[in-house]
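To be precise, the following lines are data_14.cif, and they hold mmCIF, C-alpha atoms.
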data_structure
loop_
_atom_site.label_atom_id
_atom_site.label_comp_id
_atom_site.auth_asym_id
_atom_site.auth_seq_id
_atom_site.Cartn_x
_atom_site.Cartn_y
_atom_site.Cartn_z
CA MET A 208 26.70 65.49 -139.14
CA GLU A 209 30.36 65.81 -140.21
CA ASN A 210 29.73 69.24 -141.74
CA PHE A 211 28.25 70.69 -138.56
CA THR A 212 29.83 74.12 -137.79
CA PRO A 213 28.18 75.41 -134.62
CA VAL A 214 30.79 78.03 -133.68
CA SER A 215 30.96 79.92 -136.98
CA ALA A 216 27.18 79.55 -137.34
CA PHE A 217 26.53 81.02 -133.89
CA SER A 218 29.09 83.81 -134.42
CA GLY A 219 27.59 84.70 -137.80
CA GLY A 220 24.18 84.70 -136.13
CA ILE A 221 25.41 87.20 -133.54
CA LEU A 222 26.53 89.56 -136.33
CA ILE A 223 23.13 89.23 -138.00
CA GLY A 224 21.50 90.01 -134.65
CA LEU A 225 23.74 93.08 -134.19
CA ALA A 226 22.84 94.27 -137.69
CA ALA A 227 19.12 93.98 -136.90
CA THR A 228 19.73 95.76 -133.58
CA LEU A 229 21.45 98.74 -135.22
CA LEU A 230 18.74 99.11 -137.84
CA LEU A 231 15.97 99.08 -135.22
CA LEU A 232 17.77 101.28 -132.68
CA PHE A 233 18.80 104.02 -135.11
CA ASN A 234 16.33 103.80 -137.98
CA GLY A 235 13.33 102.12 -136.34
CA ARG A 236 13.15 99.60 -139.17
CA ILE A 237 12.97 95.80 -139.19
CA ALA A 238 15.80 94.01 -141.00
CA GLY A 239 13.62 91.98 -143.34
CA ILE A 240 15.36 91.25 -146.61
CA SER A 241 12.34 90.20 -148.68
CA GLY A 242 10.54 93.37 -147.61
CA MET A 243 13.52 95.52 -148.57
CA MET A 244 13.75 93.83 -151.96
CA SER A 245 10.07 94.19 -152.78
CA GLY A 246 10.09 97.68 -151.29
CA LEU A 247 12.46 98.79 -154.04
CA MET A 248 9.62 98.41 -156.53
CA GLY A 249 7.88 101.76 -156.68
CA ALA A 250 8.57 102.85 -153.10
CA GLN A 251 8.58 106.46 -151.99
CA ARG A 252 12.00 108.02 -152.42
CA SER A 253 12.54 108.29 -148.65
CA GLU A 254 12.14 104.53 -148.23
CA PHE A 255 14.07 103.62 -151.36
CA PHE A 256 17.63 104.60 -150.53
CA TRP A 257 18.07 103.11 -147.07
CA ARG A 258 16.77 99.80 -148.42
CA LEU A 259 19.17 99.94 -151.34
CA ALA A 260 22.00 100.86 -148.92
CA PHE A 261 21.27 97.88 -146.66
CA LEU A 262 21.16 95.46 -149.61
CA ALA A 263 24.36 96.98 -151.03
CA GLY A 264 25.90 96.57 -147.56
CA ILE A 265 25.11 92.84 -147.62
CA VAL A 266 26.92 92.54 -150.97
CA ILE A 267 29.92 94.51 -149.65
CA GLY A 268 30.05 92.55 -146.38
CA ALA A 269 29.96 89.21 -148.19
CA PHE A 270 32.64 90.43 -150.60
CA ILE A 271 34.97 91.65 -147.82
CA PHE A 272 34.59 88.47 -145.80
CA SER A 273 35.18 86.23 -148.80
CA ILE A 274 38.46 88.01 -149.50
CA ILE A 275 39.66 87.45 -145.93
CA LYS A 276 38.31 83.89 -145.64
CA PRO A 277 37.66 82.50 -149.12
CA GLU A 278 37.26 78.93 -147.80
CA PHE A 279 33.87 79.76 -146.26
CA TYR A 280 32.16 79.99 -149.63
CA LEU A 281 31.63 76.80 -151.61
CA PRO A 282 29.95 77.49 -154.95
CA ARG A 283 27.45 74.95 -156.17
CA ALA A 284 28.03 73.65 -159.67
CA ASN A 285 25.54 72.38 -162.23
CA TYR A 286 22.37 72.94 -160.23
CA PRO A 287 19.47 72.92 -162.72
CA VAL A 288 18.55 76.51 -163.58
CA TRP A 289 14.86 75.67 -163.84
CA LEU A 290 14.87 74.63 -160.17
CA LEU A 291 16.33 78.03 -159.26
CA VAL A 292 13.66 79.76 -161.34
CA VAL A 293 10.79 77.76 -159.82
CA GLY A 294 12.24 78.09 -156.30
CA GLY A 295 12.89 81.80 -156.73
CA ILE A 296 9.37 82.56 -157.96
CA LEU A 297 7.91 80.67 -154.97
CA VAL A 298 10.26 82.52 -152.59
CA GLY A 299 9.23 85.89 -154.08
CA PHE A 300 5.52 85.14 -154.16
CA GLY A 301 5.44 83.41 -150.76
CA THR A 302 7.38 86.08 -148.88
CA ARG A 303 5.03 88.79 -150.19
CA MET A 304 1.94 86.81 -149.32
CA GLY A 305 3.32 85.83 -145.90
CA ASN A 306 4.83 89.25 -145.26
CA GLY A 307 8.39 88.20 -144.59
CA CYS A 308 11.17 85.65 -144.81
CA THR A 309 13.82 84.14 -142.55
CA SER A 310 15.24 87.51 -141.47
CA GLY A 311 12.02 89.41 -140.83
CA HIS A 312 10.07 86.58 -139.23
CA ALA A 313 12.63 84.15 -137.75
CA VAL A 314 15.12 86.72 -136.44
CA CYS A 315 13.27 90.00 -135.86
CA GLY A 316 9.68 88.79 -135.38
CA ILE A 317 10.49 86.03 -132.93
CA ALA A 318 12.61 88.49 -130.94
CA ARG A 319 9.46 90.56 -130.43
CA LEU A 320 7.59 87.34 -129.55
CA SER A 321 5.22 88.07 -132.42
CA LEU A 322 2.77 85.20 -132.74
CA ARG A 323 2.50 85.82 -136.50
CA SER A 324 6.25 85.43 -136.91
CA ILE A 325 6.40 82.29 -134.80
CA VAL A 326 3.63 80.71 -136.89
CA ALA A 327 5.33 81.85 -140.12
CA THR A 328 8.70 80.40 -139.05
CA VAL A 329 7.25 77.04 -138.00
CA THR A 330 5.32 76.92 -141.30
CA PHE A 331 8.20 77.66 -143.68
CA MET A 332 10.54 75.36 -141.77
CA ALA A 333 7.94 72.58 -142.00
CA THR A 334 7.33 72.95 -145.74
CA GLY A 335 11.10 73.33 -146.27
CA PHE A 336 11.74 70.01 -144.50
CA ILE A 337 8.95 68.30 -146.46
CA THR A 338 10.14 69.72 -149.79
CA VAL A 339 13.73 68.57 -149.29
CA PHE A 340 12.50 65.18 -148.16
CA ILE A 341 10.47 64.82 -151.36
CA VAL A 342 13.20 66.18 -153.65
CA ARG A 343 16.10 64.23 -152.14
CA HIS A 344 14.55 61.01 -150.89
CA LEU A 345 11.41 60.37 -152.94
CA LEU A 346 12.40 61.86 -156.31
CA GLY A 347 16.22 61.92 -156.04
CA MET B 1152 21.52 110.62 -145.08
CA LYS B 1153 21.98 109.35 -141.50
CA LEU B 1154 19.42 106.60 -142.17
CA ILE B 1155 21.31 105.52 -145.28
CA ILE B 1156 24.68 105.31 -143.50
CA VAL B 1157 23.26 103.22 -140.65
CA ALA B 1158 21.53 100.96 -143.18
CA LEU B 1159 24.80 100.50 -145.07
CA ILE B 1160 26.83 99.65 -141.95
CA SER B 1161 24.09 97.36 -140.70
CA GLY B 1162 23.91 95.66 -144.12
CA ILE B 1163 27.68 95.09 -144.12
CA LEU B 1164 27.47 93.36 -140.71
CA PHE B 1165 24.54 91.30 -141.99
CA GLY B 1166 26.49 90.26 -145.10
CA ILE B 1167 29.55 89.25 -143.05
CA GLY B 1168 27.28 87.29 -140.70
CA LEU B 1169 25.62 85.40 -143.53
CA THR B 1170 28.95 84.49 -145.13
CA LEU B 1171 30.68 83.55 -141.86
CA SER B 1172 27.76 81.31 -140.91
CA GLN B 1173 27.91 79.82 -144.45
CA MET B 1174 24.23 80.45 -145.06
CA THR B 1175 25.47 81.56 -148.47
CA ASN B 1176 26.18 77.91 -149.29
CA PRO B 1177 22.95 76.36 -150.58
CA TYR B 1178 24.11 72.85 -149.67
CA LYS B 1179 24.52 73.95 -146.07
CA VAL B 1180 20.91 75.14 -146.02
CA LEU B 1181 19.58 72.08 -147.85
CA ASN B 1182 21.51 69.78 -145.48
CA PHE B 1183 19.78 71.55 -142.60
CA LEU B 1184 16.40 70.94 -144.20
CA ASP B 1185 17.33 67.29 -144.84
CA ILE B 1186 16.58 65.68 -141.49
CA ALA B 1187 16.32 62.23 -143.03
CA GLY B 1188 19.74 62.53 -144.67
CA ASN B 1189 23.14 63.78 -143.50
CA TRP B 1190 21.61 66.39 -141.18
CA ASP B 1191 23.55 69.60 -140.48
CA PRO B 1192 21.90 71.58 -137.65
CA SER B 1193 24.15 74.66 -138.15
CA LEU B 1194 21.27 76.88 -139.34
CA ILE B 1195 19.59 76.55 -135.94
CA PHE B 1196 22.76 77.96 -134.37
CA VAL B 1197 22.64 80.95 -136.73
CA MET B 1198 19.11 81.65 -135.54
CA LEU B 1199 20.10 81.12 -131.91
CA GLY B 1200 23.07 83.50 -132.26
CA ALA B 1201 20.91 86.17 -133.85
CA LEU B 1202 18.09 85.71 -131.33
CA ALA B 1203 20.55 85.78 -128.41
CA VAL B 1204 21.20 89.39 -129.43
CA THR B 1205 17.80 90.53 -130.69
CA MET B 1206 15.70 88.96 -127.90
CA ILE B 1207 17.54 91.22 -125.45
CA SER B 1208 18.23 94.31 -127.59
CA PHE B 1209 14.74 94.59 -129.10
CA ARG B 1210 13.18 94.51 -125.65
CA PHE B 1211 15.19 97.56 -124.57
CA ILE B 1212 14.91 99.41 -127.89
CA LEU B 1213 11.14 99.04 -128.09
CA LYS B 1214 10.76 100.58 -124.63
CA ARG B 1215 11.73 103.86 -126.28
CA SER B 1216 8.96 105.83 -127.93
CA TYR B 1217 11.01 106.45 -131.07
CA PRO B 1218 14.35 105.38 -132.61
CA LEU B 1219 17.48 107.56 -132.48
CA PHE B 1220 17.33 108.84 -136.09
CA ASP B 1221 13.60 108.85 -136.84
CA LYS B 1222 10.28 109.86 -135.33
CA GLN B 1223 8.68 106.41 -135.07
CA PHE B 1224 9.21 102.67 -135.24
CA TYR B 1225 8.04 100.99 -138.45
CA ILE B 1226 6.67 97.72 -137.18
CA VAL B 1227 3.66 95.72 -138.32
CA ALA B 1228 1.18 95.91 -135.47
CA LYS B 1229 -1.01 93.12 -136.85
CA ASN B 1230 -1.43 90.17 -134.55
CA GLU B 1231 -3.97 87.75 -135.97
CA ILE B 1232 -2.97 84.57 -137.76
CA ASP B 1233 -4.61 84.71 -141.18
CA LYS B 1234 -4.66 82.57 -144.28
CA PRO B 1235 -2.21 84.66 -146.35
CA LEU B 1236 0.39 84.45 -143.55
CA VAL B 1237 0.22 80.66 -143.34
CA MET B 1238 -0.17 80.00 -147.08
CA GLY B 1239 2.52 82.52 -148.03
CA SER B 1240 4.98 81.12 -145.49
CA ALA B 1241 4.21 77.58 -146.68
CA ILE B 1242 4.90 78.60 -150.30
CA PHE B 1243 8.10 80.37 -149.29
CA GLY B 1244 9.29 77.23 -147.48
CA ILE B 1245 8.70 75.12 -150.61
CA GLY B 1246 10.73 77.56 -152.73
CA TRP B 1247 13.45 77.64 -150.06
CA GLY B 1248 13.63 73.84 -150.11
CA ILE B 1249 13.77 73.68 -153.90
CA ALA B 1250 16.40 76.39 -154.44
CA GLY B 1251 18.35 76.25 -151.17
CA TYR B 1252 18.21 80.03 -150.81
CA CYS B 1253 16.20 82.50 -148.79
CA PRO B 1254 16.45 86.18 -149.84
CA GLY B 1255 19.43 87.29 -147.67
CA PRO B 1256 21.95 84.75 -149.01
CA VAL B 1257 20.77 85.49 -152.56
CA ILE B 1258 21.84 89.12 -152.13
CA ALA B 1259 25.08 88.14 -150.36
CA GLY B 1260 25.87 85.86 -153.31
CA LEU B 1261 26.29 88.93 -155.52
CA GLY B 1262 29.34 89.84 -153.44
CA LEU B 1263 30.69 86.31 -153.82
CA GLY B 1264 30.36 86.23 -157.59
CA ASN B 1265 27.66 83.57 -157.37
CA SER B 1266 25.88 83.39 -160.74
CA GLU B 1267 22.93 81.56 -159.13
CA SER B 1268 22.12 84.80 -157.31
CA VAL B 1269 21.38 86.57 -160.60
CA VAL B 1270 18.86 83.89 -161.61
CA MET B 1271 17.33 83.87 -158.14
CA ILE B 1272 16.92 87.66 -158.00
CA LEU B 1273 15.15 87.76 -161.36
CA ALA B 1274 12.88 84.88 -160.30
CA ILE B 1275 12.14 86.43 -156.88
CA TYR B 1276 11.14 89.73 -158.50
CA PHE B 1277 8.97 87.79 -160.94
CA GLY B 1278 7.29 86.23 -157.89
CA PHE B 1279 6.76 89.70 -156.39
CA VAL B 1280 5.14 90.88 -159.63
CA ILE B 1281 2.85 87.85 -159.80
CA HIS B 1282 1.74 88.54 -156.24
CA ARG B 1283 1.13 92.18 -157.04
CA TYR B 1284 -1.02 91.31 -160.06
CA LEU B 1285 -3.08 88.71 -158.19
CA PHE B 1286 -3.56 90.87 -155.10
CA ALA B 1287 -3.53 94.37 -156.52
CA SER B 1288 -3.64 96.04 -153.10
CA LYS B 1289 -0.05 97.29 -152.85
#

Entire entry expressed as structure tokens:
Amino acid sequence: MENFTPVSAFSGGILIGLAATLLLLFNGRIAGISGMMSGLMGAQRSEFFWRLAFLAGIVIGAFIFSIIKPEFYLPRANYPVWLLVVGGILVGFGTRMGNGCTSGHAVCGIARLSLRSIVATVTFMATGFITVFIVRHLLG
Amino acid sequence: MKLIIVALISGILFGIGLTLSQMTNPYKVLNFLDIAGNWDPSLIFVMLGALAVTMISFRFILKRSYPLFDKQFYIVAKNEIDKPLVMGSAIFGIGWGIAGYCPGPVIAGLGLGNSESVVMILAIYFGFVIHRYLFASK
């Protein structure tokens, strides 16, 4: 556990929680990233631009922070592209089928004590653990 | 316009939060998912930090009948646990474990110059399209 960073993790989590709070308080929307991404495909104009603005905000926020504290980002080198492609397709397909990802279910849904979100979070954590176990310890 | 400005500010906070918590580092995420290896529980603390805010704020916000800048809340009212929810979440978790990214950090990676984000975004949209073709509802 030598890479454990509870303080920056918790602080970053608070900012994510504040972001979700603002979006719900002012706009009445849930901060679910997979939903915003898929919502860009053929959405009504009124729902298109706020989604694009939120996603652009994430890019800007990450950019600003990385200029101030470049040491927080450690790029990964030489990860097989085909694993990214397979993983990405499963992430896209699965989040549509399951109606959400880590942000929508694990942060916003659990906050509302939504049973669907609790089940979704337990499920994707479980298959995530199993997948990494297989990839790293059985195949790797 | 008001909705767009709030979304932008909120997105910026979200992006800073993801980068500060290092969820933008795929190894950090994979080390969290690797209980049998060199386990890094940081991701749980990200969730706890976020929930510490949203568990309280959402309770107060949802007592209102409508948000400040719109006429209604846009929240899925559905409550039953169905097959698509469980199967979809299971598939998402497998993809998360293979790639080391969920959607938020993929987007944040664009601001960090992470070339893996470009591949991931194309693949994620391909996954959306496959889902749309198989389940042509919406």

What do you get, as a PyMOL selection string, if you spell out every residue that the PyMOL selection byres ((chain B and resi 1274) around 10) selects here? (chain A and resi 291-300) or (chain B and resi 1268-1273+1275-1280)

Quick one, how far is atom CA of Gly242 of chain A from atom CA of Asn306 of chain A? 7.4 Å

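When all atoms listed in the file are used to compute distances to chain B, the closest of the residues A:Met244, A:Gly249, A:Gly219, A:Ser310 turns out to be A:Gly219.
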
Atomic separation - atom CA of Ala260 of chain A relative to atom CA of Gly1262 of chain B, Å: 14.0 Å

Residues selected by the PyMOL selection byres ((chain A and resi 280) around 12), written as a short mmCIF file (atom, residue, chain, number, x, y, z; two decimals) with C-alpha atoms, in the frame of the given file:
data_model
loop_
_atom_site.label_atom_id
_atom_site.label_comp_id
_atom_site.auth_asym_id
_atom_site.auth_seq_id
_atom_site.Cartn_x
_atom_site.Cartn_y
_atom_site.Cartn_z
CA ALA A 269 29.96 89.21 -148.19
CA PHE A 270 32.64 90.43 -150.60
CA PHE A 272 34.59 88.47 -145.80
CA SER A 273 35.18 86.23 -148.80
CA ILE A 274 38.46 88.01 -149.50
CA ILE A 275 39.66 87.45 -145.93
CA LYS A 276 38.31 83.89 -145.64
CA PRO A 277 37.66 82.50 -149.12
CA GLU A 278 37.26 78.93 -147.80
CA PHE A 279 33.87 79.76 -146.26
CA LEU A 281 31.63 76.80 -151.61
CA PRO A 282 29.95 77.49 -154.95
CA ARG A 283 27.45 74.95 -156.17
CA ILE B 1167 29.55 89.25 -143.05
CA LEU B 1169 25.62 85.40 -143.53
CA THR B 1170 28.95 84.49 -145.13
CA LEU B 1171 30.68 83.55 -141.86
CA SER B 1172 27.76 81.31 -140.91
CA GLN B 1173 27.91 79.82 -144.45
CA MET B 1174 24.23 80.45 -145.06
CA THR B 1175 25.47 81.56 -148.47
CA ASN B 1176 26.18 77.91 -149.29
CA PRO B 1177 22.95 76.36 -150.58
CA TYR B 1178 24.11 72.85 -149.67
CA LYS B 1179 24.52 73.95 -146.07
CA PRO B 1256 21.95 84.75 -149.01
CA ALA B 1259 25.08 88.14 -150.36
CA GLY B 1260 25.87 85.86 -153.31
CA GLY B 1262 29.34 89.84 -153.44
CA LEU B 1263 30.69 86.31 -153.82
CA GLY B 1264 30.36 86.23 -157.59
CA ASN B 1265 27.66 83.57 -157.37
#

Quick one: residues within 9 Å of Ile1156 of chain B, only C-alpha atoms counted, chain neighbours fewer than 4 positions away excluded, as a PDB file with C-alpha atoms, in the frame of the given file?
ATOM      1  CA  TRP A 257      18.070 103.110-147.070  1.00  0.00           C
ATOM      2  CA  ALA A 260      22.000 100.860-148.920  1.00  0.00           C
ATOM      3  CA  PHE A 261      21.270  97.880-146.660  1.00  0.00           C
TER       4      PHE A 261
ATOM      5  CA  MET B1152      21.520 110.620-145.080  1.00  0.00           C
ATOM      6  CA  ILE B1160      26.830  99.650-141.950  1.00  0.00           C
ATOM      7  CA  SER B1161      24.090  97.360-140.700  1.00  0.00           C
TER       8      SER B1161
END

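Run against this file, the PyMOL selection byres ((chain B and resi 1185-1196) around 7) gives back Met208, Asn210, Phe211, Thr212, Pro213, Ala216, Phe217, Phe336, Val339 and Phe340 of chain A; Val1180, Leu1181, Asn1182, Phe1183, Leu1184, Val1197, Met1198, Leu1199 and Gly1200 of chain B.
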
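Nearest to Ser1240 of chain B of all the residues B:Cys1253, B:Ile1212, B:Ile1281, B:Val1204 is B:Cys1253, counting only C-alpha atoms.
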
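Straight-line separation from atom CA of Ser321 of chain A to atom CA of Phe233 of chain A: 21.1 Å.
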